[in-house]
Every structure is written in structure tokens, then in C-alpha cells.
Amino acid sequence: MSVAAPATSAPQASTDSPKATIVPVAGLPIVALVLIGVVVAIARDARWGLVFCHVVGGGLWTAIDLFVGFVVGPIIGSMSIPARVEFSKRFMPKMLLIMPTVVTMTLAAGFQLARQDGFLDPSVSQHGWIVASFGVVGVMAVIALAYLEPANVAVLFELAKPEPDGRVIEKLMKRFIYTAGITGLMQVTTLIIMTRLVSG
Amino acid sequence: MSTAAHDVPAHAAPSLVDRRLPPITEIGALSMIAIAGGVIYLAAYLPRHAPLWFAIVLLGVAAALQVTNVILLSRLSDFAWGRFFQVARWALLAYAIIAGMIEFAFVFDHTRGAQLVVMTTMLALFMLNVPVLIGFTVARYQRAG
């Protein structure tokens, strides 16, 4: 699948397109609100709040990862180059806020639930599943933080240039494609682990 | 693959894709693997105390890799340092908040003593590593000056 965006066509395609935004500032209050909610739920040991944060965050994280990796990704791959640039300019800044927020919400609440339920105790039968879930999260964290997020930000900076370099965008976008399969596999593994955990 | 992607106009400067730079991203990823391994190892034992030697070894490996990255970065010439620091500064703010939340959770869960020190140092390395990786990935495709 190609994700090339030629340097010559990008500026022409963007004559009436919006200026590339790196971080959508309007979304920051929502992020702050969500993170404060998670901290309050942890500080008060609020069972419902923790379950809400973990289930909603986890559901969104898994669904977005799978949907973007296996549905939106191939669609973007089949779009024309100017359309891909247009889509990326609007889509990527939002992902830059949504994904770290959803991930933080899920993991922080999930860890507290594991502690409350005693799953962190090595003598509990489900402890192995919890450690496995830590491992899965570790793999996803390395991929996301070392490769995906830096590439996401770099693409946005490239798109913000008057004449974006198509080869730079192509190279960076390839990271998404190469890692989509790994992330998808990890998400399916997460679903298996979590359903095993709650099944006892 | 579109061949148009490689059609560079005659007046355009050469693409920055071909520039060879040290493997900062790969070294940073290895450091993150060591950090993730250490945190998982310690967290798998909570609220009990894990034997610390293994976590300390991983912490040392992660720190050594990050020092290597700093040395490699400091030797770079013709690099967009302005953009690097601009991006890294904001990323540091974001990851300081995330690391702060994780630290809060550990303290809230009564993690204390040497275990907390190792956890906190690992979080600090994590907090410093990600901004370097984001800043480097952005700046390597920017023209210096």
C-alpha cells in the first residue's frame, strides 16, 4: 500500500485547505477534564469511576486502534494523494489528543482496579493474566511512543510547510502501516486477556 | 507506489529523507523496552516488594542508552535545534503530566522506600525519553537555520 504524497501536488491540493494544526487547542480542556476525572476516581477509590474510566477508555482504545488500522488505513491507502493530505491534516491532530488521553485513562484506572480486586497478588490464579496484560501494554507503549507518535507529529510539521516533501510523508506514514498489524494483534490479545480475567 | 513522490522539482532542495543520522530512535526504543520491563517487573509484585536487583539492572541499561543518545545528539551539526527544543519542550510538559499521574498512583498504592525510588527514576527516564524521540523525529526532517 502506498502512502506517497508528492511534493509537487501537495501545495496545489491545499490551496483552499485549512492550515495544518499540530495540537487542536480547543480539545485541551476536554483532555484536562478527563485526566482530572481519572485522578479523582483514583484518589477516592471510587469503584464506579474506575470501572467507567477503564471500560470506556479501553473500549475506545481497542476500537479506535482496530478501526483505524484495518478500516480507515486501507481506505486512506486507496485515496488520491491530495485527498490523503487533506484527510491527514484534519485527522492526525485529533488523534494526537485522543489516543494518549484514552490510553492514560484506561491504564491508570485499570491498574487501580487490579489492585482493588487483588489481581496484583502473585498467589491469585489470575495474576498471570494481569502480568500478560502488562506485557501487551508494554509492547504497545514502545511502538506508540517510540515510533507512531513521533511520526504523527513529524507528519503534521511536514504538512504545515508551504511545500511538503512527499518522500518524508511517505516514509513516516509507512510506520503506521508496518505497525498497524502488531498493534492490531496486541489489541486482540488484550481482548482475550480481559475477557479471561472477568470470566474468573 | 507512486513515482510522482520522487519527482523533485529542479529548483527544490534535496530531500531530507536521505540524510544519514545516528540511530537515536532505535536507541530510545531500546531504552523504553528496558523501562517498560522494569516497571512491569516491579508492578507485577505490588503491593509486595519485588527483589530490586533486576529492576536496577534494567534501570542502568535504560539510563546508559539515554546518555548514549544525548552524546550522539550533542555531536550533531547542521541540525534544526530550534525545532527540536520547541517540540521536546511541549512533549516534556505532556509527559510530565502523564508521569505525574502514574507516580501519584504508585504513592497512593503505598509504594515506599527503595522500590518507590526505582519506580520514580524509571518514570523520570520515560518522561525524558519520549520528548527526545518526538523532537528528534520532527527536527531531522527540518532544515537547520
# chains A, B, ... in the order shown; residues from 1 in each chain; ligands from 1
call {"tool": "residues_around", "arguments": {"residues": "B:Leu76", "least_positions_apart": "3", "cutoff": "9 Å", "atoms": "only C-alpha atoms", "output": "PDB file with all heavy atoms, in the first residue's frame"}}
result
ATOM      1  N   LEU B  21      21.667   9.936   9.863  1.00  0.00           N
ATOM      2  CA  LEU B  21      21.803  10.409  11.235  1.00  0.00           C
ATOM      3  C   LEU B  21      21.979   9.205  12.160  1.00  0.00           C
ATOM      4  O   LEU B  21      21.620   8.085  11.790  1.00  0.00           O
ATOM      5  CB  LEU B  21      20.559  11.213  11.634  1.00  0.00           C
ATOM      6  CG  LEU B  21      20.403  12.593  10.974  1.00  0.00           C
ATOM      7  CD1 LEU B  21      19.040  13.182  11.279  1.00  0.00           C
ATOM      8  CD2 LEU B  21      21.491  13.545  11.438  1.00  0.00           C
ATOM      9  N   PRO B  22      22.499   9.431  13.364  1.00  0.00           N
ATOM     10  CA  PRO B  22      22.673   8.298  14.298  1.00  0.00           C
ATOM     11  C   PRO B  22      21.328   7.655  14.654  1.00  0.00           C
ATOM     12  O   PRO B  22      20.281   8.306  14.557  1.00  0.00           O
ATOM     13  CB  PRO B  22      23.307   8.944  15.534  1.00  0.00           C
ATOM     14  CG  PRO B  22      23.708  10.304  15.153  1.00  0.00           C
ATOM     15  CD  PRO B  22      22.963  10.704  13.946  1.00  0.00           C
ATOM     16  N   LEU B  72      25.217  11.294  21.329  1.00  0.00           N
ATOM     17  CA  LEU B  72      25.066  11.273  19.865  1.00  0.00           C
ATOM     18  C   LEU B  72      24.390  12.551  19.366  1.00  0.00           C
ATOM     19  O   LEU B  72      24.787  13.119  18.352  1.00  0.00           O
ATOM     20  CB  LEU B  72      24.242  10.045  19.440  1.00  0.00           C
ATOM     21  CG  LEU B  72      24.928   8.688  19.593  1.00  0.00           C
ATOM     22  CD1 LEU B  72      23.943   7.561  19.310  1.00  0.00           C
ATOM     23  CD2 LEU B  72      26.129   8.584  18.659  1.00  0.00           C
ATOM     24  N   LEU B  73      23.387  12.996  20.105  1.00  0.00           N
ATOM     25  CA  LEU B  73      22.691  14.230  19.715  1.00  0.00           C
ATOM     26  C   LEU B  73      23.618  15.436  19.796  1.00  0.00           C
ATOM     27  O   LEU B  73      23.602  16.309  18.917  1.00  0.00           O
ATOM     28  CB  LEU B  73      21.474  14.456  20.625  1.00  0.00           C
ATOM     29  CG  LEU B  73      20.177  13.744  20.244  1.00  0.00           C
ATOM     30  CD1 LEU B  73      19.162  13.865  21.370  1.00  0.00           C
ATOM     31  CD2 LEU B  73      19.588  14.307  18.954  1.00  0.00           C
ATOM     32  N   PHE B  79      21.772  20.659  12.358  1.00  0.00           N
ATOM     33  CA  PHE B  79      20.535  20.048  12.863  1.00  0.00           C
ATOM     34  C   PHE B  79      19.589  21.169  13.313  1.00  0.00           C
ATOM     35  O   PHE B  79      20.056  22.194  13.833  1.00  0.00           O
ATOM     36  CB  PHE B  79      20.872  19.128  14.045  1.00  0.00           C
ATOM     37  CG  PHE B  79      19.738  18.263  14.514  1.00  0.00           C
ATOM     38  CD1 PHE B  79      19.240  17.245  13.709  1.00  0.00           C
ATOM     39  CD2 PHE B  79      19.164  18.448  15.761  1.00  0.00           C
ATOM     40  CE1 PHE B  79      18.200  16.443  14.141  1.00  0.00           C
ATOM     41  CE2 PHE B  79      18.126  17.642  16.203  1.00  0.00           C
ATOM     42  CZ  PHE B  79      17.649  16.638  15.385  1.00  0.00           C
TER      43      PHE B  79
END
call {"tool": "residues_around", "arguments": {"residues": "stretch 29-46 of chain A", "least_positions_apart": "5", "cutoff": "7 Å", "atoms": "only C-alpha atoms", "output": "list in words"}}
result
Cys53, Thr101, Met105, Ala109 and Gln112 of chain A
call {"tool": "interface_residues", "arguments": {"of": "chain A", "to": "chain B", "cutoff": "8 Å", "atoms": "only C-alpha atoms", "output": "PDB file with C-alpha atoms, in the first residue's frame"}}
result
ATOM      1  CA  MET A   1       0.000   0.000   0.000  1.00  0.00           C
ATOM      2  CA  SER A   2       1.389   3.362  -0.955  1.00  0.00           C
ATOM      3  CA  VAL A   3       1.164   6.439   1.178  1.00  0.00           C
ATOM      4  CA  ALA A   4       3.154   8.701  -1.052  1.00  0.00           C
ATOM      5  CA  ALA A   5       2.353  12.382  -1.193  1.00  0.00           C
ATOM      6  CA  PRO A   6       4.283  14.111  -3.948  1.00  0.00           C
ATOM      7  CA  ALA A   7       5.899  17.389  -3.091  1.00  0.00           C
ATOM      8  CA  THR A   8       4.586  18.945  -6.266  1.00  0.00           C
ATOM      9  CA  VAL A  39      -7.233  11.327  39.325  1.00  0.00           C
ATOM     10  CA  ILE A  42      -8.210   7.037  41.954  1.00  0.00           C
ATOM     11  CA  ALA A  43      -7.955   9.373  44.959  1.00  0.00           C
ATOM     12  CA  THR A 104      -3.775   7.085  30.179  1.00  0.00           C
ATOM     13  CA  ALA A 108      -4.415   4.323  35.315  1.00  0.00           C
ATOM     14  CA  GLN A 112      -6.238   0.531  40.425  1.00  0.00           C
ATOM     15  CA  ARG A 115      -5.137  -3.667  42.927  1.00  0.00           C
ATOM     16  CA  LEU A 120      -1.696  -7.980  41.652  1.00  0.00           C
ATOM     17  CA  ASP A 121      -1.145 -10.615  44.336  1.00  0.00           C
ATOM     18  CA  PRO A 122       1.180 -13.262  42.822  1.00  0.00           C
ATOM     19  CA  ILE A 130      -2.523  -9.460  34.644  1.00  0.00           C
ATOM     20  CA  VAL A 131       1.227  -9.738  34.053  1.00  0.00           C
ATOM     21  CA  PHE A 134       1.249  -5.558  31.392  1.00  0.00           C
ATOM     22  CA  GLY A 135       3.462  -7.133  28.728  1.00  0.00           C
ATOM     23  CA  GLY A 138       4.487  -2.579  27.256  1.00  0.00           C
ATOM     24  CA  VAL A 139       4.800  -3.687  23.613  1.00  0.00           C
ATOM     25  CA  VAL A 142       7.105   1.087  22.913  1.00  0.00           C
ATOM     26  CA  LEU A 145       5.796   6.237  21.943  1.00  0.00           C
ATOM     27  CA  ALA A 146       8.996   5.448  20.052  1.00  0.00           C
ATOM     28  CA  TYR A 147       7.610   5.185  16.521  1.00  0.00           C
ATOM     29  CA  GLU A 149       3.589   9.338  17.949  1.00  0.00           C
ATOM     30  CA  PRO A 150       6.893  10.893  16.806  1.00  0.00           C
ATOM     31  CA  ALA A 151       5.957  10.047  13.207  1.00  0.00           C
ATOM     32  CA  VAL A 153       3.908  14.833  14.964  1.00  0.00           C
ATOM     33  CA  ALA A 154       6.593  14.903  12.254  1.00  0.00           C
ATOM     34  CA  VAL A 155       3.978  14.388   9.508  1.00  0.00           C
ATOM     35  CA  PHE A 157       5.048  19.554  10.825  1.00  0.00           C
ATOM     36  CA  GLU A 158       5.770  18.440   7.267  1.00  0.00           C
ATOM     37  CA  ASP A 165       8.205  16.801   0.931  1.00  0.00           C
ATOM     38  CA  GLY A 166       6.291  13.800  -0.372  1.00  0.00           C
ATOM     39  CA  ARG A 167       9.155  11.406   0.384  1.00  0.00           C
ATOM     40  CA  VAL A 168       9.246  12.463   4.040  1.00  0.00           C
ATOM     41  CA  GLU A 170       5.712   8.612   2.582  1.00  0.00           C
ATOM     42  CA  LYS A 171       8.489   7.389   4.860  1.00  0.00           C
TER      43      LYS A 171
END
call {"tool": "select_by_dssp", "arguments": {"residues": "stretch 12-191 of chain A", "states": "helix (DSSP H, G or I)", "output": "ChimeraX atom specification"}}
result
/A:12-13,25-43,47-77,81-116,127-159,166-191
call {"tool": "atom_distance", "arguments": {"atom1": "atom CA of A:Met95", "atom2": "atom CA of B:Leu92"}}
result
18.3 Å
call {"tool": "atom_distance", "arguments": {"atom1": "atom CA of B:Leu125", "atom2": "atom CA of B:Ala63"}}
result
7.0 Å
call {"tool": "residues_around", "arguments": {"residues": "A:Lys89", "least_positions_apart": "3", "cutoff": "7 Å", "atoms": "only C-alpha atoms", "output": "list in words"}}
result
Ala20, Val85, Glu86, Met92 and Leu156 of chain A
call {"tool": "write_last_selection", "arguments": {"atoms": "N, CA, C and O atoms", "output": "compact mmCIF listing (two decimals), in the first residue's frame"}}
result
# COMPACT_ATOMS: atom_id res chain seq x y z
N ALA A 20 -2.48 23.52 8.44
CA ALA A 20 -2.24 22.33 9.26
C ALA A 20 -2.06 22.72 10.73
O ALA A 20 -1.25 23.58 11.05
N VAL A 85 -3.61 13.92 1.90
CA VAL A 85 -3.04 15.08 2.61
C VAL A 85 -4.15 15.81 3.36
O VAL A 85 -4.00 16.16 4.54
N GLU A 86 -5.27 16.04 2.67
CA GLU A 86 -6.41 16.72 3.29
C GLU A 86 -6.91 15.96 4.52
O GLU A 86 -7.15 16.53 5.58
N MET A 92 -5.08 13.69 11.93
CA MET A 92 -3.94 13.43 12.83
C MET A 92 -3.89 14.34 14.05
O MET A 92 -3.55 13.86 15.14
N LEU A 156 2.71 16.05 10.75
CA LEU A 156 1.97 17.31 10.89
C LEU A 156 2.87 18.51 10.62
O LEU A 156 2.45 19.48 9.97
call {"tool": "closest_residue", "arguments": {"among": "B:Trp81, B:Val117, B:Ala88, B:Ala34", "to": "B:Gln66", "atoms": "only C-alpha atoms"}}
result
B:Ala34
call {"tool": "closest_residue", "arguments": {"among": "B:Phe54, B:Ala80, B:Leu123, B:Ile24", "to": "B:Val67", "atoms": "only C-alpha atoms"}}
result
B:Ile24
call {"tool": "residues_around", "arguments": {"residues": "stretch 182-197 of chain A", "least_positions_apart": "6", "cutoff": "7 Å", "atoms": "only C-alpha atoms", "output": "ChimeraX atom specification"}}
result
/A:62,65-66,69,126,129,133,136,140
call {"tool": "closest_residue", "arguments": {"among": "B:Ala50, B:Met122, B:Ala114, B:Arg143", "to": "B:Ala62", "atoms": "only C-alpha atoms"}}
result
B:Met122
call {"tool": "closest_residue", "arguments": {"among": "B:Val70, B:Leu65, B:Ala96, B:Ile56", "to": "B:Met119", "atoms": "only C-alpha atoms"}}
result
B:Ile56
